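Data from target-v8.txt: compact mmCIF, C-alpha atoms
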```txt
# COMPACT_ATOMS: atom_id res chain seq x y z
CA MET O 1 0.00 0.00 0.00
CA LEU O 2 1.18 3.50 -0.73
CA MET O 3 -0.50 4.76 2.42
CA PRO O 4 -2.48 3.33 5.33
CA GLU O 5 -6.12 4.23 5.80
CA LEU O 6 -6.11 7.58 7.56
CA THR O 7 -8.69 8.88 9.98
CA ALA O 8 -6.56 11.58 11.65
CA LEU O 9 -3.77 13.93 10.69
CA PRO O 10 -1.38 11.96 8.45
CA GLY O 11 2.06 10.91 9.60
CA LEU O 12 5.06 12.82 8.29
CA ALA O 13 5.84 10.45 5.41
CA ASP O 14 2.16 10.32 4.39
CA LEU O 15 1.99 14.10 4.55
CA PHE O 16 4.84 14.46 2.05
CA LEU O 17 3.11 12.03 -0.31
CA ILE O 18 -0.11 13.99 -0.10
CA MET O 19 1.81 17.22 -0.81
CA LEU O 20 3.56 15.57 -3.76
CA ILE O 21 0.27 14.40 -5.27
CA ALA O 22 -1.30 17.81 -4.66
CA LEU O 23 1.54 19.60 -6.44
CA LEU O 24 1.64 17.14 -9.35
CA SER O 25 -2.13 17.35 -9.69
CA ASP O 26 -2.01 21.14 -9.92
CA MET O 27 0.90 21.01 -12.38
CA ALA O 28 -0.97 18.58 -14.63
CA LEU O 29 -4.55 19.79 -14.33
CA GLY O 30 -4.62 23.22 -12.71
CA ASP O 31 -8.01 24.51 -11.62
CA PRO O 32 -10.88 22.60 -13.31
CA GLN O 33 -12.76 25.43 -14.97
CA TRP O 34 -15.83 23.24 -15.56
CA LEU O 35 -16.13 22.80 -11.79
CA TYR O 36 -15.68 26.47 -10.93
CA ARG O 37 -18.35 27.43 -13.44
CA VAL O 38 -20.76 25.50 -11.21
CA VAL O 39 -19.37 26.33 -7.76
CA PRO O 40 -17.10 29.23 -6.79
CA HIS O 41 -13.39 28.64 -6.29
CA PRO O 42 -12.59 28.55 -2.54
CA VAL O 43 -10.47 31.69 -2.81
CA ALA O 44 -13.20 33.52 -4.75
CA ALA O 45 -15.80 32.48 -2.17
CA PHE O 46 -13.55 33.71 0.64
CA GLY O 47 -13.00 36.96 -1.23
CA THR O 48 -16.75 37.53 -1.20
CA LEU O 49 -16.69 37.28 2.61
CA VAL O 50 -13.81 39.75 2.80
CA THR O 51 -15.66 42.22 0.58
CA ALA O 52 -18.81 41.97 2.70
CA ALA O 53 -16.92 42.41 5.98
CA GLU O 54 -14.89 45.33 4.63
CA LYS O 55 -17.97 47.19 3.36
CA ARG O 56 -19.72 46.73 6.70
CA LEU O 57 -16.87 47.61 9.06
CA ASN O 58 -14.45 49.87 7.17
CA ARG O 59 -16.27 53.18 7.60
CA ALA O 60 -14.56 56.46 6.74
CA THR O 61 -16.33 58.11 9.69
CA ARG O 62 -14.34 56.00 12.16
CA GLY O 63 -11.00 57.07 13.57
CA PRO O 64 -7.68 55.38 12.73
CA ARG O 65 -7.50 53.44 16.01
CA ASP O 66 -11.06 52.14 15.66
CA LEU O 67 -10.43 51.13 12.04
CA PHE O 68 -7.24 49.30 13.03
CA TRP O 69 -9.02 47.19 15.65
CA ARG O 70 -11.88 46.50 13.28
CA GLY O 71 -9.29 45.26 10.80
CA VAL O 72 -7.75 43.07 13.50
CA PHE O 73 -11.17 41.58 14.20
CA VAL O 74 -11.93 40.87 10.53
CA THR O 75 -8.49 39.39 9.87
CA THR O 76 -8.62 37.18 12.96
CA ALA O 77 -12.22 36.05 12.53
CA LEU O 78 -11.95 35.20 8.84
CA THR O 79 -8.60 33.43 9.27
CA LEU O 80 -9.99 31.30 12.09
CA LEU O 81 -13.10 30.60 10.00
CA ALA O 82 -10.94 29.39 7.11
CA ALA O 83 -8.84 27.20 9.42
CA ALA O 84 -11.99 25.70 10.97
CA ALA O 85 -13.41 24.95 7.52
CA GLY O 86 -10.13 23.26 6.59
CA LEU O 87 -10.18 21.19 9.77
CA VAL O 88 -13.77 20.01 9.22
CA LEU O 89 -13.08 19.17 5.57
CA GLN O 90 -9.89 17.30 6.46
CA LYS O 91 -11.69 15.16 9.05
CA LEU O 92 -14.53 14.41 6.64
CA LEU O 93 -12.19 13.45 3.80
CA LEU O 94 -9.93 11.24 5.91
CA ALA O 95 -12.97 9.33 7.15
CA LEU O 96 -13.69 8.22 3.55
CA PRO O 97 -12.07 5.40 1.57
CA LEU O 98 -9.07 6.85 -0.26
CA GLY O 99 -9.68 10.02 1.71
CA TRP O 100 -5.97 10.85 1.59
CA LEU O 101 -6.25 11.15 -2.21
CA LEU O 102 -9.27 13.42 -1.88
CA LEU O 103 -7.32 15.49 0.64
CA ALA O 104 -4.50 15.87 -1.88
CA LEU O 105 -6.95 16.99 -4.56
CA ALA O 106 -8.53 19.49 -2.15
CA ALA O 107 -5.08 20.89 -1.32
CA SER O 108 -4.21 21.14 -5.02
CA SER O 109 -7.04 23.65 -5.50
CA LEU O 110 -5.13 26.05 -3.24
CA ILE O 111 -1.80 25.69 -5.09
CA ALA O 112 -1.22 27.93 -8.10
CA PHE O 113 1.79 26.54 -9.97
CA ARG O 114 0.01 25.89 -13.27
CA GLY O 115 -2.16 28.99 -13.03
CA LEU O 116 0.87 31.23 -12.55
CA GLN O 117 2.74 29.56 -15.39
CA GLN O 118 -0.25 30.02 -17.70
CA GLY O 119 -0.73 33.65 -16.65
CA VAL O 120 2.89 34.62 -17.27
CA GLY O 121 3.03 32.44 -20.39
CA ALA O 122 0.06 34.39 -21.76
CA VAL O 123 2.03 37.61 -21.27
CA PHE O 124 4.97 36.16 -23.20
CA CYS O 125 2.69 35.06 -26.05
CA GLY O 126 0.97 38.45 -25.99
CA LEU O 127 4.24 40.32 -26.27
CA MET O 128 5.31 38.13 -29.17
CA GLU O 129 2.07 39.17 -30.91
CA SER O 130 1.93 42.90 -30.11
CA LEU O 131 2.32 45.47 -27.35
CA THR O 132 -1.47 45.74 -27.07
CA ALA O 133 -1.82 41.98 -26.57
CA GLY O 134 0.95 42.05 -23.97
CA ARG O 135 -0.80 44.81 -22.05
CA ARG O 136 -4.06 42.91 -22.22
CA ALA O 137 -2.45 39.78 -20.78
CA VAL O 138 -0.40 41.44 -18.04
CA ARG O 139 -3.41 43.21 -16.50
CA HIS O 140 -4.55 39.80 -15.16
CA ILE O 141 -1.42 39.22 -13.04
CA VAL O 142 -0.15 42.62 -11.85
CA GLY O 143 -1.63 45.68 -10.17
CA ARG O 144 0.12 48.26 -12.35
CA ASP O 145 -1.62 50.23 -15.08
CA PRO O 146 -0.81 48.26 -18.26
CA GLU O 147 -1.28 51.34 -20.44
CA SER O 148 1.70 52.97 -18.71
CA LEU O 149 4.02 50.04 -19.52
CA ASP O 150 6.10 49.56 -22.64
CA GLU O 151 7.40 46.15 -23.73
CA ALA O 152 10.28 46.23 -21.25
CA GLY O 153 7.95 47.29 -18.43
CA ILE O 154 5.51 44.48 -19.19
CA ALA O 155 8.28 41.88 -19.32
CA ARG O 156 9.72 43.13 -16.02
CA ALA O 157 6.33 43.26 -14.28
CA ALA O 158 5.48 39.71 -15.38
CA THR O 159 8.91 38.41 -14.33
CA GLU O 160 8.58 40.00 -10.88
CA SER O 161 5.09 38.53 -10.51
CA LEU O 162 6.45 35.09 -11.45
CA ALA O 163 9.21 35.32 -8.84
CA GLU O 164 7.06 36.67 -6.00
CA ASN O 165 4.14 34.33 -6.59
CA PHE O 166 6.38 31.27 -6.71
CA SER O 167 6.44 31.73 -2.94
CA ASP O 168 2.88 33.00 -2.36
CA GLY O 169 1.21 30.55 -4.73
CA VAL O 170 3.37 27.43 -4.44
CA VAL O 171 6.00 27.23 -1.70
CA ALA O 172 4.08 28.92 1.11
CA PRO O 173 0.87 26.86 0.63
CA LEU O 174 2.92 23.64 0.72
CA PHE O 175 4.88 24.87 3.73
CA TRP O 176 1.77 25.58 5.79
CA PHE O 177 0.14 22.34 4.68
CA ALA O 178 3.23 20.45 5.86
CA LEU O 179 3.13 22.29 9.18
CA LEU O 180 -0.60 22.26 9.99
CA GLY O 181 -2.37 20.18 7.36
CA LEU O 182 -5.38 21.50 5.45
CA PRO O 183 -6.35 23.91 8.29
CA GLY O 184 -2.92 25.54 7.98
CA LEU O 185 -3.19 25.75 4.20
CA CYS O 186 -6.68 27.28 4.37
CA ALA O 187 -5.58 29.77 7.03
CA TYR O 188 -2.58 30.78 4.90
CA LYS O 189 -4.72 31.33 1.80
CA ALA O 190 -7.14 33.38 3.89
CA ILE O 191 -4.32 35.64 5.15
CA ASN O 192 -2.85 35.96 1.67
CA THR O 193 -6.25 36.85 0.20
CA LEU O 194 -6.93 39.39 2.95
CA ASP O 195 -3.58 41.04 2.24
CA SER O 196 -4.24 41.15 -1.51
CA MET O 197 -7.65 42.78 -0.93
CA ILE O 198 -7.21 45.14 2.02
CA GLY O 199 -3.48 45.21 2.78
CA TYR O 200 -2.76 48.40 0.85
CA LYS O 201 -1.24 51.63 2.15
CA THR O 202 -4.00 53.76 0.69
CA SER O 203 -6.25 56.17 2.56
CA ARG O 204 -9.03 53.57 2.51
CA TYR O 205 -7.02 50.60 3.79
CA ALA O 206 -4.03 52.08 5.63
CA ASP O 207 -5.54 51.47 9.08
CA PHE O 208 -8.16 48.81 8.39
CA GLY O 209 -5.81 46.55 6.43
CA LYS O 210 -2.68 47.02 8.53
CA ALA O 211 -3.18 43.81 10.55
CA ALA O 212 -3.73 41.73 7.41
CA ALA O 213 -0.59 43.14 5.77
CA ARG O 214 1.57 42.53 8.86
CA LEU O 215 0.23 39.01 9.35
CA ASP O 216 0.92 38.23 5.70
CA ASP O 217 4.52 39.37 6.19
CA VAL O 218 4.87 37.01 9.16
CA VAL O 219 3.43 33.88 7.53
CA ASN O 220 5.49 34.42 4.36
CA TRP O 221 8.80 35.11 6.11
CA LEU O 222 10.27 31.60 5.98
CA PRO O 223 8.53 30.37 2.78
CA ALA O 224 9.89 33.38 0.86
CA ARG O 225 13.44 32.51 1.84
CA LEU O 226 12.89 28.85 1.01
CA ALA O 227 11.52 29.87 -2.39
CA GLY O 228 14.61 32.00 -3.01
CA ALA O 229 16.87 29.07 -2.12
CA ILE O 230 14.96 26.76 -4.48
CA LEU O 231 15.38 29.28 -7.32
CA VAL O 232 19.12 29.41 -6.58
CA ALA O 233 19.36 25.60 -6.70
CA SER O 234 17.32 25.55 -9.91
CA ALA O 235 19.71 27.99 -11.55
CA ALA O 236 22.45 25.35 -11.28
CA LEU O 237 20.40 23.10 -13.56
CA ILE O 238 19.56 25.63 -16.30
CA PRO O 239 22.05 26.34 -19.14
CA GLY O 240 22.93 30.02 -19.12
CA ALA O 241 21.81 30.61 -15.53
CA ASP O 242 24.28 31.23 -12.71
CA ALA O 243 23.55 29.75 -9.29
CA ALA O 244 26.55 31.36 -7.60
CA ARG O 245 25.53 34.81 -8.80
CA ALA O 246 21.91 34.10 -7.82
CA TRP O 247 23.00 33.30 -4.25
CA ARG O 248 25.29 36.32 -4.04
CA VAL O 249 22.69 38.76 -5.37
CA MET O 250 19.95 37.30 -3.18
CA CYS O 251 21.99 37.64 0.01
CA ARG O 252 23.11 41.15 -0.91
CA ASP O 253 19.97 42.73 -2.38
CA ALA O 254 16.96 40.98 -0.83
CA PRO O 255 17.20 42.87 2.50
CA LYS O 256 17.07 46.17 0.56
CA HIS O 257 13.63 45.42 -0.94
CA ARG O 258 10.71 47.44 0.43
CA SER O 259 8.93 44.13 1.10
CA PRO O 260 10.44 41.95 3.83
CA ASN O 261 9.75 38.86 1.70
CA ALA O 262 9.42 39.54 -2.05
CA GLY O 263 13.06 40.52 -2.46
CA TRP O 264 14.35 37.00 -1.81
CA GLN O 265 12.72 35.46 -4.87
CA GLU O 266 13.16 38.51 -7.07
CA ALA O 267 16.85 38.89 -6.23
CA ALA O 268 17.49 35.16 -6.68
CA LEU O 269 15.86 35.17 -10.11
CA ALA O 270 17.55 38.41 -11.13
CA GLY O 271 20.97 37.09 -10.15
CA ALA O 272 20.37 33.74 -11.85
CA LEU O 273 19.48 35.38 -15.19
CA ASN O 274 21.76 38.45 -14.87
CA ILE O 275 18.90 40.95 -15.06
CA ALA O 276 17.61 43.65 -12.70
CA LEU O 277 14.18 43.61 -11.07
CA ALA O 278 12.19 45.80 -8.66
CA GLY O 279 13.50 49.38 -8.69
CA PRO O 280 11.13 52.37 -9.10
CA ARG O 281 7.68 51.39 -10.43
CA ARG O 282 4.38 53.14 -11.01
CA TYR O 283 0.99 52.08 -9.61
CA GLY O 284 -1.61 54.42 -11.05
CA MET O 285 -0.46 57.94 -10.14
CA THR O 286 1.89 56.68 -7.43
CA VAL O 287 5.58 55.96 -8.05
CA VAL O 288 7.01 53.40 -5.63
CA GLU O 289 10.70 53.87 -4.96
CA ASP O 290 12.54 50.60 -4.39
CA ALA O 291 16.06 49.25 -4.60
CA TRP O 292 17.15 47.32 -7.67
CA MET O 293 17.56 43.58 -7.32
CA GLY O 294 20.55 42.47 -9.41
CA ASP O 295 23.23 44.15 -11.50
CA GLY O 296 22.10 43.04 -14.97
CA ARG O 297 20.01 44.63 -17.69
CA ARG O 298 17.08 46.71 -16.50
CA SER O 299 15.38 46.73 -19.88
CA LEU O 300 13.88 43.26 -20.27
CA ASP O 301 12.39 41.71 -23.40
CA PRO O 302 10.19 38.67 -24.12
CA LYS O 303 13.25 36.42 -24.31
CA ASP O 304 14.05 37.25 -20.68
CA LEU O 305 10.49 36.37 -19.73
CA ARG O 306 10.86 33.02 -21.49
CA ARG O 307 14.12 32.37 -19.59
CA ALA O 308 12.35 33.22 -16.33
CA LEU O 309 9.59 30.75 -17.18
CA ARG O 310 12.18 28.03 -17.78
CA LEU O 311 13.75 28.72 -14.40
CA TYR O 312 10.30 28.63 -12.79
CA GLN O 313 9.56 25.27 -14.40
CA MET O 314 12.87 23.91 -13.16
CA ALA O 315 12.09 25.22 -9.67
CA GLY O 316 8.83 23.26 -9.82
CA ALA O 317 10.77 20.13 -10.81
CA VAL O 318 13.20 20.69 -7.93
CA LEU O 319 10.29 21.05 -5.52
CA VAL O 320 8.78 17.79 -6.80
CA CYS O 321 12.13 16.02 -6.28
CA LEU O 322 12.44 17.40 -2.75
CA LEU O 323 8.95 16.20 -1.79
CA ALA O 324 9.49 12.79 -3.39
CA SER O 325 12.86 12.39 -1.68
CA ALA O 326 11.41 13.32 1.70
CA TRP O 327 8.63 10.77 1.26
CA LEU O 328 11.01 7.99 0.20
CA ILE O 329 13.35 8.67 3.09
CA LEU O 330 10.61 8.83 5.73
CA ARG O 331 8.29 6.04 4.55
```
Would you give me this structure, written as structure tokens?
Amino acid sequence: MLMPELTALPGLADLFLIMLIALLSDMALGDPQWLYRVVPHPVAAFGTLVTAAEKRLNRATRGPRDLFWRGVFVTTALTLLAAAAGLVLQKLLLALPLGWLLLALAASSLIAFRGLQQGVGAVFCGLMESLTAGRRAVRHIVGRDPESLDEAGIARAATESLAENFSDGVVAPLFWFALLGLPGLCAYKAINTLDSMIGYKTSRYADFGKAAARLDDVVNWLPARLAGAILVASAALIPGADAARAWRVMCRDAPKHRSPNAGWQEAALAGALNIALAGPRRYGMTVVEDAWMGDGRRSLDPKDLRRALRLYQMAGAVLVCLLASAWLILR
């Protein structure tokens, strides 16, 4: 038998097998669109709850302190709700025959390896067609105004999104599943969704979303660094990439990034491919000043985006090998 019948939290070896199947399932199948045309995706359903709570409690008439504590309440309550839902679902699934396989499939819905690859791949294909097509594709994966970006800006924005979301969408979900099972994975996705919806330093969210943004920084601290290390290791396996430079640039530049976490993946990828990421960027009318990650070319083109996708794919293969090795060693 690959795995014993499980009715409680899996053992460590079983957990790595479940994670491996979840990742491989997402890589092969991604999100089944036919299913999510019938029922909402878990993240979309949770986003609806966040929107409702924010509209009800984030009132401009309230003072900054009141808004902060309201944000703390919403972040805590919705995160605990997501964890509780994950716990109930995990218990129900593990009580069924082959429940461990169903648990893996449930976890795969909260991993975004294939979705991210497809999103960034669409930007590459768009740029190869025209600037207009590239702008149309990049608006689905970044928060910047696509109309303000030229070809180099689109390629850089998509590459940065690929690097950052390798942690947020792949490594961090697996990390929290390994640590706390499906409740941990659901709680992580809740925090990450809260941050993406209300964790902005705008007049509307500066106080209300502060707790969500800080909590997101905490839960991504270690996964971001693990993701950077995996990108460094992957660079050793890609012709034309440089693992030594990736490590050097990551250690030197990542702490300079305005985000406590995003710099580790961006700097690792930039060093591996000898390009420069981050730096000053525009969001609407706001210019965000940030340090450059890497010493290479700042003007990227579609070929650089294709190289980044190859490194990302290799990082996925490395992650699969790590999970498989851990399972084989511990079984």
Using only C-alpha atoms, which of the listed residues (O:Val320, O:Ile141, O:Ala246, O:Leu174) sits closest to Gly271 (chain O)?
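For Gly271 (chain O), the nearest of the candidates is O:Ala246.
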Between CA of Ile198 (chain O) and CA of Leu57 (chain O) - distance in Å to one decimal
12.2 Å
Mind pulling up the distance from CA of Glu289 (chain O) to CA of Val142 (chain O)?
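One can read the CA of Val142 (chain O) to CA of Glu289 (chain O) distance as 17.1 Å.
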Closest atom pairs, region 150-260 of chain O residues within 12 Å of region 23-28 of chain O, all atoms listed in the file, as JSON lines:
```
{"residue": "O:Gly169", "atom": "CA", "partner": "O:Leu23", "partner_atom": "CA", "distance": 11.1}
{"residue": "O:Val170", "atom": "CA", "partner": "O:Leu23", "partner_atom": "CA", "distance": 8.3}
{"residue": "O:Val171", "atom": "CA", "partner": "O:Leu23", "partner_atom": "CA", "distance": 10.0}
{"residue": "O:Pro173", "atom": "CA", "partner": "O:Leu23", "partner_atom": "CA", "distance": 10.2}
{"residue": "O:Leu174", "atom": "CA", "partner": "O:Leu23", "partner_atom": "CA", "distance": 8.3}
{"residue": "O:Phe175", "atom": "CA", "partner": "O:Leu23", "partner_atom": "CA", "distance": 11.9}
{"residue": "O:Phe177", "atom": "CA", "partner": "O:Leu23", "partner_atom": "CA", "distance": 11.5}
```
Neighbour list for Glu160 (chain O) as JSON, numbers by chain, cut-off 9 Å, all atoms listed in the file, skip fewer than 2 positions in-chain:
{"O": [155, 156, 157, 158, 162, 163, 164, 165, 262, 265, 266, 269, 277, 278]}
Convert the current residue selection to file output with C-alpha atoms, as an mmCIF file, in the coordinates of the input.
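Result went into again.cif, see below:
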```cif
data_model
loop_
_atom_site.group_PDB
_atom_site.id
_atom_site.type_symbol
_atom_site.label_atom_id
_atom_site.label_comp_id
_atom_site.auth_asym_id
_atom_site.auth_seq_id
_atom_site.Cartn_x
_atom_site.Cartn_y
_atom_site.Cartn_z
ATOM 1 C CA ALA O 155 8.280 41.880 -19.320
ATOM 2 C CA ARG O 156 9.720 43.130 -16.020
ATOM 3 C CA ALA O 157 6.330 43.260 -14.280
ATOM 4 C CA ALA O 158 5.480 39.710 -15.380
ATOM 5 C CA LEU O 162 6.450 35.090 -11.450
ATOM 6 C CA ALA O 163 9.210 35.320 -8.840
ATOM 7 C CA GLU O 164 7.060 36.670 -6.000
ATOM 8 C CA ASN O 165 4.140 34.330 -6.590
ATOM 9 C CA ALA O 262 9.420 39.540 -2.050
ATOM 10 C CA GLN O 265 12.720 35.460 -4.870
ATOM 11 C CA GLU O 266 13.160 38.510 -7.070
ATOM 12 C CA LEU O 269 15.860 35.170 -10.110
ATOM 13 C CA LEU O 277 14.180 43.610 -11.070
ATOM 14 C CA ALA O 278 12.190 45.800 -8.660
#
```
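Atom to atom, CA of His140 (chain O) and CA of Leu194 (chain O) stand 18.3 Å apart.
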From O:Asp14, O:Asp216, O:Glu147, O:Asp66, residue lying nearest Trp327 (chain O) [all atoms listed in the file]
O:Asp14
Which of O:Gly296, O:Pro40, O:Gly86, O:Pro146 sits closest to Ala190 (chain O) [using all atoms listed in the file]:
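Between O:Gly296, O:Pro40, O:Gly86, O:Pro146, the residue approaching Ala190 (chain O) most closely is O:Gly86.
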